[in-house]
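Just below is one structure, and these are the notes that go with it.
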Amino acid sequence: MALWKDSNTGTSPAPAPTPTPAPQREPASVASLNPDTARRPAPAPAPAPAPQRVEVKESHIASDLTIEGKISGSGHVRIAGRFKGDVQVDGNVTLDSGAKLEGHVKASVVVVSGELIGNIENAKRVELLETGVINGDVKAGSLTVAAGSRMRGQVEFGYDGEGRASKSDKGFGNA
């Protein structure tokens, strides 16, 4: 069976499709002289979407509260009142002016404007502001002390992490 009628019957077969010619390129020497036809660099890919910023929450103990217990977890803690107990968080601890904290603190950044009775352990940074008072030892990567602040205790700073070496371990201490 034929798909078209025979030419003897007076009808012609369907014309064959004609291929479209490929666009011709100019020689490289001509293309480089003509800026309209010169090759342009490929457009830059779209920038990757910015990673969504995870907002860290801050817990607040108001100035008219007195709480006794333990704080642990992630996030920031701001104490404006009185708290008795240990604080261990992955975030920052801020002790406002007029606040009092009795307990040990282990946090990334500790800012003291109030009174802290206890030790600060393995903080990346400790800031003792001009109204701040610390009665205890401080171990931190860096320590900033403002004029007018007070502290009673031992301080060790400038070392990273928990692998702090004392002078006697390095051979500088007692013989």
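Quick note on naming: the chains in the structure tokens go A, B, ... in the order shown, residues restart at 1 in each chain, and ligands are numbered from 1 in order of appearance.
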Quick one: residues within 9 Å of A:Ala99, only C-alpha atoms counted, chain neighbours fewer than 4 positions away excluded, as a ChimeraX atom specification?
/A:63,79-83,95,113-116
Can you check which residues of stretch 94-151 of chain A DSSP gives as strand (DSSP E) on the backbone and send them as a VMD selection string?
chain A and resid 94 to 95 100 to 102 105 to 106 109 to 112 115 to 117 120 to 128 133 to 135 138 to 145 150 to 151
Distance query A:Gly103 at most 7 Å, only C-alpha atoms, self and fewer than 3 positions along chain excluded, as a VMD selection string:
chain A and resid 84 to 86 117 to 118
Expected file contents, prior selection, N, CA and C atoms, as a PDB file, in the first residue's frame:
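Full text of result_2.pdb as output:
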ATOM      1  N   LYS A  84      20.679  31.720  90.698  1.00  0.00           N
ATOM      2  CA  LYS A  84      21.614  30.911  91.478  1.00  0.00           C
ATOM      3  C   LYS A  84      21.632  29.523  90.860  1.00  0.00           C
ATOM      4  N   GLY A  85      22.790  29.150  90.289  1.00  0.00           N
ATOM      5  CA  GLY A  85      22.954  27.857  89.641  1.00  0.00           C
ATOM      6  C   GLY A  85      23.921  27.977  88.475  1.00  0.00           C
ATOM      7  N   ASP A  86      24.237  26.856  87.891  1.00  0.00           N
ATOM      8  CA  ASP A  86      25.196  26.829  86.785  1.00  0.00           C
ATOM      9  C   ASP A  86      24.501  27.128  85.462  1.00  0.00           C
ATOM     10  N   ILE A 117      29.472  35.486  90.749  1.00  0.00           N
ATOM     11  CA  ILE A 117      30.199  34.775  91.795  1.00  0.00           C
ATOM     12  C   ILE A 117      30.300  33.332  91.312  1.00  0.00           C
ATOM     13  N   GLY A 118      31.444  33.005  90.731  1.00  0.00           N
ATOM     14  CA  GLY A 118      31.657  31.680  90.161  1.00  0.00           C
ATOM     15  C   GLY A 118      32.685  31.755  89.044  1.00  0.00           C
TER      16      GLY A 118
END
